[in-house]
file upload-v6.cif (mmCIF, C-alpha atoms and all ligand atoms)
data_coords
#
loop_
_atom_site.label_atom_id
_atom_site.label_comp_id
_atom_site.auth_asym_id
_atom_site.auth_seq_id
_atom_site.Cartn_x
_atom_site.Cartn_y
_atom_site.Cartn_z
CA MET A 8 134.86 131.86 80.86
CA THR A 9 133.50 129.49 83.47
CA THR A 10 132.98 125.85 82.62
CA HIS A 11 129.90 124.14 83.94
CA HIS A 12 130.49 120.73 85.50
CA PRO A 13 127.37 118.62 86.09
CA PRO A 14 127.07 117.45 89.71
CA ARG A 15 128.81 114.16 90.46
CA HIS A 16 126.71 111.70 92.45
CA ARG A 17 128.34 109.23 94.81
CA ILE A 18 126.65 105.87 94.48
CA LEU A 19 127.11 103.00 96.89
CA ALA A 20 126.69 99.62 95.21
CA LEU A 21 125.44 96.71 97.30
CA SER A 22 125.40 93.10 96.15
CA GLY A 23 122.92 90.75 97.79
CA SER A 24 125.40 87.92 97.33
CA LEU A 25 128.59 87.39 99.33
CA ARG A 26 129.85 84.78 96.85
CA ARG A 27 133.35 85.45 95.49
CA ASP A 28 132.27 84.63 91.93
CA SER A 29 128.87 86.29 92.24
CA HIS A 30 126.99 87.24 89.07
CA ASN A 31 125.46 90.17 90.94
CA ARG A 32 128.86 91.49 91.92
CA ARG A 33 129.85 91.11 88.26
CA LEU A 34 126.80 93.12 87.25
CA LEU A 35 127.77 95.90 89.66
CA GLU A 36 131.36 95.84 88.39
CA ALA A 37 130.02 96.24 84.84
CA ALA A 38 127.93 99.19 86.10
CA ILE A 39 131.07 100.75 87.61
CA ARG A 40 132.98 100.40 84.33
CA HIS A 41 130.16 101.81 82.21
CA ALA A 42 128.76 104.45 84.53
CA PRO A 43 127.93 107.81 82.98
CA GLY A 44 130.48 110.49 83.87
CA ASN A 45 128.35 112.04 86.60
CA LEU A 46 128.02 108.82 88.62
CA GLN A 47 130.86 107.66 90.82
CA ILE A 48 129.96 104.12 91.88
CA THR A 49 131.77 102.36 94.73
CA LEU A 50 131.18 98.73 95.60
CA TYR A 51 130.53 98.06 99.28
CA ASP A 52 132.52 94.96 100.11
CA ASP A 53 131.84 94.42 103.81
CA LEU A 54 128.27 93.12 104.06
CA ALA A 55 129.65 89.91 105.56
CA ASP A 56 130.65 91.95 108.63
CA VAL A 57 127.06 92.91 109.41
CA PRO A 58 125.80 90.70 112.25
CA ILE A 59 122.42 88.99 112.18
CA PHE A 60 119.93 91.45 113.60
CA ASN A 61 118.91 90.72 117.18
CA GLU A 62 116.94 93.43 118.93
CA ASP A 63 118.46 92.42 122.28
CA ARG A 64 121.89 93.42 120.96
CA GLU A 65 120.78 96.29 118.76
CA ALA A 66 121.84 99.20 120.98
CA ALA A 67 125.37 97.83 121.35
CA GLN A 68 125.86 96.88 117.71
CA LEU A 69 124.26 99.90 116.04
CA ARG A 70 127.14 102.26 116.75
CA GLN A 71 130.12 99.99 116.08
CA GLY A 72 131.77 97.56 113.71
CA GLY A 73 130.11 96.36 110.54
CA VAL A 74 126.75 97.99 111.22
CA ARG A 75 128.26 101.40 111.84
CA ARG A 76 130.46 101.17 108.74
CA LEU A 77 127.51 100.21 106.57
CA ARG A 78 125.27 102.93 107.95
CA GLU A 79 127.95 105.59 107.48
CA ALA A 80 128.61 104.46 103.92
CA VAL A 81 124.91 104.73 103.08
CA VAL A 82 124.50 108.10 104.79
CA ASN A 83 127.46 109.46 102.80
CA ALA A 84 126.13 108.20 99.46
CA ASP A 85 123.79 110.17 97.20
CA GLY A 86 122.14 106.95 96.07
CA LEU A 87 122.15 103.16 96.39
CA LEU A 88 122.51 100.74 93.50
CA ILE A 89 121.50 97.25 94.61
CA ALA A 90 121.99 94.05 92.63
CA THR A 91 120.16 91.12 94.16
CA PRO A 92 120.09 87.42 93.41
CA GLU A 93 116.88 85.49 93.95
CA TYR A 94 116.76 82.98 96.79
CA ASN A 95 113.52 81.03 97.11
CA GLN A 96 111.58 83.66 95.19
CA SER A 97 112.75 86.52 97.38
CA MET A 98 115.88 88.49 98.22
CA PRO A 99 118.68 86.74 100.16
CA GLY A 100 118.71 87.03 103.94
CA VAL A 101 122.04 88.89 103.78
CA LEU A 102 120.40 91.77 101.95
CA LYS A 103 117.22 91.81 104.05
CA ASN A 104 119.36 91.76 107.20
CA ALA A 105 121.40 94.73 105.98
CA ILE A 106 118.24 96.68 105.17
CA ASP A 107 116.76 95.85 108.58
CA TRP A 108 119.85 97.33 110.22
CA LEU A 109 119.75 100.38 107.97
CA SER A 110 116.08 100.97 108.76
CA ARG A 111 116.63 101.41 112.48
CA PRO A 112 116.61 104.90 113.98
CA GLY A 113 119.97 106.04 115.27
CA PRO A 114 122.06 109.16 115.23
CA ASP A 115 121.45 109.17 111.48
CA ASP A 116 118.63 107.96 109.26
CA PRO A 117 120.34 106.18 106.35
CA LEU A 118 117.44 105.12 104.13
CA THR A 119 114.75 107.76 104.56
CA GLY A 120 114.54 109.74 101.35
CA LYS A 121 117.54 107.89 99.87
CA PRO A 122 117.33 107.35 96.10
CA ALA A 123 117.77 103.69 95.18
CA ALA A 124 117.92 101.71 91.96
CA ILE A 125 117.60 97.95 91.85
CA MET A 126 118.55 95.21 89.42
CA GLY A 127 119.52 91.58 89.68
CA ALA A 128 120.99 88.46 88.14
CA SER A 129 119.96 84.86 88.72
CA THR A 130 120.67 81.56 87.06
CA GLY A 131 116.92 80.98 86.75
CA ARG A 132 114.64 81.84 83.84
CA TRP A 133 112.93 84.82 85.45
CA GLY A 134 116.02 86.83 86.32
CA THR A 135 115.13 87.91 89.89
CA ARG A 136 111.65 89.26 89.15
CA LEU A 137 110.27 88.08 92.48
CA ALA A 138 113.41 89.04 94.44
CA GLN A 139 113.25 92.56 93.03
CA ALA A 140 109.55 92.85 93.83
CA ALA A 141 110.28 91.81 97.42
CA LEU A 142 113.20 94.24 97.63
CA ARG A 143 111.04 97.06 96.26
CA GLN A 144 108.39 96.37 98.89
CA THR A 145 110.94 96.33 101.72
CA LEU A 146 112.60 99.54 100.54
CA ALA A 147 109.18 101.21 100.37
CA ALA A 148 108.76 100.43 104.07
CA THR A 149 112.03 102.23 104.77
CA GLU A 150 110.83 105.31 102.85
CA SER A 151 113.69 105.05 100.36
CA LEU A 152 112.96 106.58 96.96
CA VAL A 153 113.14 103.56 94.70
CA MET A 154 113.32 104.34 90.99
CA PRO A 155 110.27 102.67 89.40
CA ALA A 156 111.84 102.04 85.99
CA PRO A 157 113.74 101.02 83.94
CA MET A 158 114.14 97.55 85.40
CA LEU A 159 116.93 95.09 84.64
CA PHE A 160 116.51 91.34 85.00
CA VAL A 161 119.55 89.25 84.08
CA ARG A 162 118.35 85.68 83.65
CA ASP A 163 120.42 82.57 82.89
CA ALA A 164 123.30 84.38 84.56
CA GLU A 165 125.84 81.62 83.95
CA GLN A 166 125.71 82.41 80.23
CA ALA A 167 125.13 86.15 80.55
CA PHE A 168 128.72 87.33 81.13
CA ASP A 169 131.88 86.78 79.08
CA ASN A 170 135.32 86.06 80.57
CA ALA A 171 136.00 89.76 81.02
CA GLY A 172 132.81 90.12 83.08
CA GLU A 173 130.95 92.02 80.37
CA LEU A 174 127.31 91.32 79.58
CA ARG A 175 127.33 89.36 76.32
CA ASP A 176 123.99 90.63 75.02
CA PRO A 177 124.33 94.16 73.55
CA ALA A 178 120.66 94.87 74.38
CA MET A 179 121.35 93.98 78.01
CA ARG A 180 124.42 96.26 78.06
CA GLU A 181 122.28 99.05 76.65
CA SER A 182 119.62 98.41 79.30
CA LEU A 183 122.24 98.69 82.04
CA HIS A 184 123.45 101.98 80.61
CA GLU A 185 119.88 103.29 80.38
CA LEU A 186 119.20 102.31 83.97
CA LEU A 187 122.28 104.24 85.12
CA LEU A 188 121.37 107.32 83.08
CA ALA A 189 117.84 107.24 84.46
CA PHE A 190 119.23 106.85 87.97
CA SER A 191 121.31 110.00 87.71
CA LEU A 192 118.15 111.92 86.70
CA TRP A 193 116.20 110.22 89.49
CA ILE A 194 118.77 111.38 92.06
CA GLU A 195 118.60 114.93 90.79
CA ARG A 196 114.80 114.89 90.98
CA ALA A 197 114.78 113.27 94.40
CA GLY A 198 116.93 116.12 95.67
CA THR A 199 114.51 118.75 94.44
CA THR A 200 111.00 118.28 93.11
CA ALA A 201 110.32 114.79 94.44
CA VAL A 202 111.16 115.70 98.01
CA ARG A 203 108.98 118.79 97.94
CA SER A 204 106.02 117.49 95.99
CA MET A 205 105.82 114.03 97.52
CA SER A 206 106.12 115.23 101.07
CA ASN A 207 103.17 115.84 103.30
CA PRO A 208 104.36 117.55 106.47
CA HIS A 209 101.27 116.28 108.30
CA ALA A 210 101.99 112.66 107.51
CA ASN A 211 103.41 110.55 110.28
CA SER A 212 106.61 109.52 108.58
CA SER A 213 110.32 110.16 108.84
CA PHE A 214 110.36 111.11 105.19
CA ALA A 215 107.76 113.82 105.69
CA ARG A 216 109.75 115.19 108.61
CA LEU A 217 112.95 115.14 106.57
CA ALA A 218 111.25 116.90 103.68
CA SER A 219 109.59 119.55 105.81
CA ASN A 220 112.97 120.41 107.38
CA GLN A 221 114.49 121.24 104.00
C1 LIG B 1 119.17 79.13 98.59
C2 LIG B 1 119.03 79.45 97.14
C3 LIG B 1 117.78 79.62 96.60
C4 LIG B 1 117.63 79.96 95.23
N1 LIG B 1 116.39 80.23 94.74
C5 LIG B 1 116.27 80.74 93.49
C6 LIG B 1 115.00 81.20 93.01
O1 LIG B 1 114.01 81.14 93.71
N2 LIG B 1 114.94 81.72 91.75
C7 LIG B 1 116.06 81.83 90.96
O2 LIG B 1 115.96 82.33 89.84
N3 LIG B 1 117.26 81.39 91.38
C8 LIG B 1 117.40 80.85 92.62
N4 LIG B 1 118.62 80.46 93.09
C9 LIG B 1 119.75 80.57 92.18
C10 LIG B 1 120.49 81.89 92.37
O3 LIG B 1 119.73 82.92 91.82
C11 LIG B 1 121.86 81.81 91.71
O4 LIG B 1 122.64 80.92 92.45
C12 LIG B 1 122.53 83.16 91.58
O5 LIG B 1 123.62 83.01 90.72
C13 LIG B 1 123.05 83.66 92.92
O6 LIG B 1 123.57 84.94 92.76
P1 LIG B 1 125.14 85.23 92.74
O7 LIG B 1 125.70 84.61 91.49
O8 LIG B 1 125.24 86.72 92.72
O9 LIG B 1 125.76 84.61 93.95
C14 LIG B 1 118.78 80.08 94.41
C15 LIG B 1 120.05 79.87 94.99
C16 LIG B 1 120.19 79.57 96.32
C17 LIG B 1 121.57 79.40 96.92
#
call {"tool": "encode", "arguments": {"input": "upload-v6.cif", "output": "structure tokens"}}
result
Amino acid sequence: MTTHHPPRHRILALSGSLRRDSHNRRLLEAAIRHAPGNLQITLYDDLADVPIFNEDREAAQLRQGGVRRLREAVVNADGLLIATPEYNQSMPGVLKNAIDWLSRPGPDDPLTGKPAAIMGASTGRWGTRLAQAALRQTLAATESLVMPAPMLFVRDAEQAFDNAGELRDPAMRESLHELLLAFSLWIERAGTTAVRSMSNPHANSSFARLASNQ
């Protein structure tokens, strides 16, 4: 008798905060602990090594060091899980800078057609609503496949986690779990129906080219 194992998806988790005690890192660590069995989530810890984008130095920096490591990690992942804080009603520069690097053409094309799920934690009352909207818009420009829902906004982040790093509110824990379950379905769809049905081989986009080569 053969046993059927569901596919295991490798997820790269990116935190928009470099802070050691970051609430967004905590949220990703909670996601890692509570991930459904078919998601293997790994936290990317080296965003601080990605230089500030400067087009004059792009060619030299694209294929080495922190940029190369980040791009390879994204290429090798089946999906991205991003937790962003909110800085001045948008995403932090660290995250935007990383996405700008990932969006550049190179030997690989890390973001085109890449499934992504976003969430966020902030100490404010709106729980990163505006940061996530900005992130969604930026990822749309890169032709990533951003899951539209469910969304997760962790507000008042200083009170949201207990000492073990768990979300205190059971409804919030449930929402995180639902987001991860939905993401595994989203990745499976993105690999099949979404790529075929959303693609228009006549459109002038990297995504359309990727899809028509499948
Ligand atoms: C420069 C800066 C701007 C901020 N602007 C906002 C904001 O517009 N809205 C908000 O809810 N929180 C804002 N905050 C608070 C952050 O969301 C909060 O510090 C959050 O915990 C940072 O995420 P982290 O814990 O993952 O580092 C701001 C913080 C900084 C440092």
call {"tool": "closest_atom_pairs", "arguments": {"input": "upload-v6.cif", "of": "chain A", "to": "ligand LIG 1 (chain B)", "cutoff": "12 Å", "atoms": "only C-alpha atoms and all ligand atoms", "output": "CSV"}}
result
residue,atom,partner,partner_atom,distance
A:Leu21,CA,B:LIG1,O8,11.0
A:Ser22,CA,B:LIG1,O8,7.2
A:Gly23,CA,B:LIG1,O8,6.9
A:Ser24,CA,B:LIG1,O9,4.7
A:Leu25,CA,B:LIG1,O9,6.7
A:Arg26,CA,B:LIG1,O9,5.0
A:Arg27,CA,B:LIG1,O9,7.8
A:Asp28,CA,B:LIG1,O7,6.6
A:Ser29,CA,B:LIG1,O7,3.7
A:His30,CA,B:LIG1,O7,3.8
A:Asn31,CA,B:LIG1,O8,3.9
A:Arg32,CA,B:LIG1,O8,6.0
A:Arg33,CA,B:LIG1,O8,7.8
A:Leu34,CA,B:LIG1,O8,8.6
A:Leu35,CA,B:LIG1,O8,10.0
A:Glu36,CA,B:LIG1,O8,11.8
A:Ile89,CA,B:LIG1,O8,11.3
A:Ala90,CA,B:LIG1,O8,8.0
A:Thr91,CA,B:LIG1,O8,6.9
A:Pro92,CA,B:LIG1,O6,4.3
A:Glu93,CA,B:LIG1,O3,4.4
A:Tyr94,CA,B:LIG1,N1,3.4
A:Asn95,CA,B:LIG1,O1,3.4
A:Gln96,CA,B:LIG1,O1,3.8
A:Ser97,CA,B:LIG1,O1,6.6
A:Met98,CA,B:LIG1,O1,8.8
A:Pro99,CA,B:LIG1,C1,7.8
A:Gly100,CA,B:LIG1,C1,9.6
A:Val101,CA,B:LIG1,O9,11.3
A:Leu102,CA,B:LIG1,O8,11.6
A:Met126,CA,B:LIG1,O8,11.3
A:Gly127,CA,B:LIG1,O8,8.1
A:Ala128,CA,B:LIG1,O6,6.4
A:Ser129,CA,B:LIG1,O3,3.7
A:Thr130,CA,B:LIG1,C11,4.8
A:Gly131,CA,B:LIG1,O2,3.5
A:Arg132,CA,B:LIG1,O2,6.2
A:Trp133,CA,B:LIG1,O2,5.9
A:Gly134,CA,B:LIG1,O2,5.7
A:Thr135,CA,B:LIG1,O2,5.6
A:Arg136,CA,B:LIG1,O2,8.2
A:Leu137,CA,B:LIG1,N2,7.9
A:Ala138,CA,B:LIG1,N2,7.9
A:Gln139,CA,B:LIG1,N2,11.0
A:Ala141,CA,B:LIG1,O1,11.9
A:Phe160,CA,B:LIG1,O2,10.2
A:Val161,CA,B:LIG1,O2,9.7
A:Arg162,CA,B:LIG1,O2,7.4
A:Asp163,CA,B:LIG1,O2,8.3
A:Ala164,CA,B:LIG1,O5,6.3
A:Glu165,CA,B:LIG1,O5,7.3
A:Gln166,CA,B:LIG1,O5,10.7
A:Ala167,CA,B:LIG1,O5,10.8
A:Phe168,CA,B:LIG1,O7,11.1
call {"tool": "atom_distance", "arguments": {"input": "upload-v6.cif", "atom1": "CA of Pro114 (chain A)", "atom2": "CA of Leu142 (chain A)"}}
result
24.7 Å
call {"tool": "atom_distance", "arguments": {"input": "upload-v6.cif", "atom1": "CA of Thr149 (chain A)", "atom2": "CA of Ile106 (chain A)"}}
result
8.3 Å
call {"tool": "atom_distance", "arguments": {"input": "upload-v6.cif", "atom1": "CA of Ala84 (chain A)", "atom2": "CA of Leu159 (chain A)"}}
result
21.8 Å
call {"tool": "closest_atom_pairs", "arguments": {"input": "upload-v6.cif", "of": "region 25-76 of chain A", "to": "region 175-188 of chain A", "cutoff": "9 Å", "atoms": "only C-alpha atoms", "output": "tab-separated table"}}
result
residue	atom	partner	partner_atom	distance
A:Leu34	CA	A:Leu183	CA	8.9
A:Ala37	CA	A:Leu183	CA	8.6
A:Ala38	CA	A:Leu183	CA	7.0
A:His41	CA	A:His184	CA	6.9
A:Ala42	CA	A:Leu187	CA	6.5
A:Pro43	CA	A:Leu188	CA	6.6
A:Leu46	CA	A:Leu187	CA	8.1
call {"tool": "write_last_selection", "arguments": {"input": "upload-v6.cif", "atoms": "C-alpha atoms", "output": "short mmCIF file (atom, residue, chain, number, x, y, z; two decimals), in the coordinates of the input"}}
result
data_model
loop_
_atom_site.label_atom_id
_atom_site.label_comp_id
_atom_site.auth_asym_id
_atom_site.auth_seq_id
_atom_site.Cartn_x
_atom_site.Cartn_y
_atom_site.Cartn_z
CA LEU A 34 126.80 93.12 87.25
CA ALA A 37 130.02 96.24 84.84
CA ALA A 38 127.93 99.19 86.10
CA HIS A 41 130.16 101.81 82.21
CA ALA A 42 128.76 104.45 84.53
CA PRO A 43 127.93 107.81 82.98
CA LEU A 46 128.02 108.82 88.62
#
call {"tool": "residues_around", "arguments": {"input": "upload-v6.cif", "residues": "Ala124 (chain A)", "least_positions_apart": "6", "cutoff": "7 Å", "atoms": "only C-alpha atoms", "output": "JSON, numbers by chain"}}
result
{"A": [87, 88, 89, 153, 154, 190]}
call {"tool": "build_atoms", "arguments": {"input": "upload-v6.cif", "residues": "region 132-168 of chain A", "atoms": "N, CA and C atoms", "output": "mmCIF file, in the coordinates of the input"}}
result
data_model
loop_
_atom_site.group_PDB
_atom_site.id
_atom_site.type_symbol
_atom_site.label_atom_id
_atom_site.label_comp_id
_atom_site.auth_asym_id
_atom_site.auth_seq_id
_atom_site.Cartn_x
_atom_site.Cartn_y
_atom_site.Cartn_z
ATOM 1 N N ARG A 132 115.204 81.311 85.096
ATOM 2 C CA ARG A 132 114.640 81.840 83.840
ATOM 3 C C ARG A 132 113.964 83.188 84.004
ATOM 4 N N TRP A 133 113.709 83.590 85.258
ATOM 5 C CA TRP A 133 112.930 84.820 85.450
ATOM 6 C C TRP A 133 113.792 85.984 85.913
ATOM 7 N N GLY A 134 115.092 85.712 86.093
ATOM 8 C CA GLY A 134 116.020 86.830 86.320
ATOM 9 C C GLY A 134 115.679 87.727 87.489
ATOM 10 N N THR A 135 115.335 87.172 88.616
ATOM 11 C CA THR A 135 115.130 87.910 89.890
ATOM 12 C C THR A 135 113.877 88.783 89.934
ATOM 13 N N ARG A 136 112.880 88.453 89.116
ATOM 14 C CA ARG A 136 111.650 89.260 89.150
ATOM 15 C C ARG A 136 111.032 89.296 90.547
ATOM 16 N N LEU A 137 110.935 88.128 91.173
ATOM 17 C CA LEU A 137 110.270 88.080 92.480
ATOM 18 C C LEU A 137 111.170 88.675 93.572
ATOM 19 N N ALA A 138 112.485 88.443 93.449
ATOM 20 C CA ALA A 138 113.410 89.040 94.440
ATOM 21 C C ALA A 138 113.333 90.562 94.366
ATOM 22 N N GLN A 139 113.294 91.098 93.165
ATOM 23 C CA GLN A 139 113.250 92.560 93.030
ATOM 24 C C GLN A 139 111.925 93.122 93.543
ATOM 25 N N ALA A 140 110.845 92.377 93.316
ATOM 26 C CA ALA A 140 109.550 92.850 93.830
ATOM 27 C C ALA A 140 109.592 92.883 95.361
ATOM 28 N N ALA A 141 110.189 91.853 95.953
ATOM 29 C CA ALA A 141 110.280 91.810 97.420
ATOM 30 C C ALA A 141 111.173 92.951 97.931
ATOM 31 N N LEU A 142 112.276 93.178 97.225
ATOM 32 C CA LEU A 142 113.200 94.240 97.630
ATOM 33 C C LEU A 142 112.529 95.616 97.535
ATOM 34 N N ARG A 143 111.778 95.805 96.469
ATOM 35 C CA ARG A 143 111.040 97.060 96.260
ATOM 36 C C ARG A 143 110.062 97.307 97.427
ATOM 37 N N GLN A 144 109.373 96.248 97.797
ATOM 38 C CA GLN A 144 108.390 96.370 98.890
ATOM 39 C C GLN A 144 109.098 96.733 100.210
ATOM 40 N N THR A 145 110.207 96.066 100.477
ATOM 41 C CA THR A 145 110.940 96.330 101.720
ATOM 42 C C THR A 145 111.494 97.758 101.723
ATOM 43 N N LEU A 146 112.038 98.184 100.591
ATOM 44 C CA LEU A 146 112.600 99.540 100.540
ATOM 45 C C LEU A 146 111.498 100.595 100.662
ATOM 46 N N ALA A 147 110.293 100.264 100.193
ATOM 47 C CA ALA A 147 109.180 101.210 100.370
ATOM 48 C C ALA A 147 108.901 101.401 101.860
ATOM 49 N N ALA A 148 109.003 100.320 102.622
ATOM 50 C CA ALA A 148 108.760 100.430 104.070
ATOM 51 C C ALA A 148 109.787 101.329 104.732
ATOM 52 N N THR A 149 110.984 101.400 104.162
ATOM 53 C CA THR A 149 112.030 102.230 104.770
ATOM 54 C C THR A 149 111.965 103.681 104.287
ATOM 55 N N GLU A 150 110.994 103.974 103.414
ATOM 56 C CA GLU A 150 110.830 105.310 102.850
ATOM 57 C C GLU A 150 112.023 105.736 101.982
ATOM 58 N N SER A 151 112.693 104.743 101.393
ATOM 59 C CA SER A 151 113.690 105.050 100.360
ATOM 60 C C SER A 151 112.925 105.460 99.107
ATOM 61 N N LEU A 152 113.601 106.173 98.216
ATOM 62 C CA LEU A 152 112.960 106.580 96.960
ATOM 63 C C LEU A 152 113.434 105.650 95.862
ATOM 64 N N VAL A 153 112.704 104.570 95.664
ATOM 65 C CA VAL A 153 113.140 103.560 94.700
ATOM 66 C C VAL A 153 112.693 103.958 93.295
ATOM 67 N N MET A 154 113.650 103.996 92.384
ATOM 68 C CA MET A 154 113.320 104.340 90.990
ATOM 69 C C MET A 154 112.392 103.266 90.422
ATOM 70 N N PRO A 155 111.235 103.674 89.865
ATOM 71 C CA PRO A 155 110.270 102.670 89.400
ATOM 72 C C PRO A 155 110.712 101.949 88.125
ATOM 73 N N ALA A 156 111.432 102.623 87.262
ATOM 74 C CA ALA A 156 111.840 102.040 85.990
ATOM 75 C C ALA A 156 113.019 102.866 85.468
ATOM 76 N N PRO A 157 113.823 102.355 84.541
ATOM 77 C CA PRO A 157 113.740 101.020 83.940
ATOM 78 C C PRO A 157 114.197 99.925 84.912
ATOM 79 N N MET A 158 113.751 98.712 84.596
ATOM 80 C CA MET A 158 114.140 97.550 85.400
ATOM 81 C C MET A 158 115.151 96.726 84.612
ATOM 82 N N LEU A 159 115.940 95.944 85.320
ATOM 83 C CA LEU A 159 116.930 95.090 84.640
ATOM 84 C C LEU A 159 116.934 93.712 85.287
ATOM 85 N N PHE A 160 116.556 92.723 84.502
ATOM 86 C CA PHE A 160 116.510 91.340 85.000
ATOM 87 C C PHE A 160 117.500 90.516 84.174
ATOM 88 N N VAL A 161 118.580 90.083 84.792
ATOM 89 C CA VAL A 161 119.550 89.250 84.080
ATOM 90 C C VAL A 161 119.240 87.793 84.396
ATOM 91 N N ARG A 162 118.686 87.085 83.426
ATOM 92 C CA ARG A 162 118.350 85.680 83.650
ATOM 93 C C ARG A 162 119.465 84.798 83.079
ATOM 94 N N ASP A 163 119.393 83.510 83.361
ATOM 95 C CA ASP A 163 120.420 82.570 82.890
ATOM 96 C C ASP A 163 121.820 83.148 83.083
ATOM 97 N N ALA A 164 122.089 83.579 84.307
ATOM 98 C CA ALA A 164 123.300 84.380 84.560
ATOM 99 C C ALA A 164 124.597 83.659 84.221
ATOM 100 N N GLU A 165 124.594 82.336 84.260
ATOM 101 C CA GLU A 165 125.840 81.620 83.950
ATOM 102 C C GLU A 165 126.309 81.860 82.523
ATOM 103 N N GLN A 166 125.346 82.144 81.640
ATOM 104 C CA GLN A 166 125.710 82.410 80.230
ATOM 105 C C GLN A 166 125.753 83.922 79.928
ATOM 106 N N ALA A 167 125.355 84.735 80.880
ATOM 107 C CA ALA A 167 125.130 86.150 80.550
ATOM 108 C C ALA A 167 126.413 86.983 80.443
ATOM 109 N N PHE A 168 127.491 86.519 81.103
ATOM 110 C CA PHE A 168 128.720 87.330 81.130
ATOM 111 C C PHE A 168 129.846 86.618 80.381
#
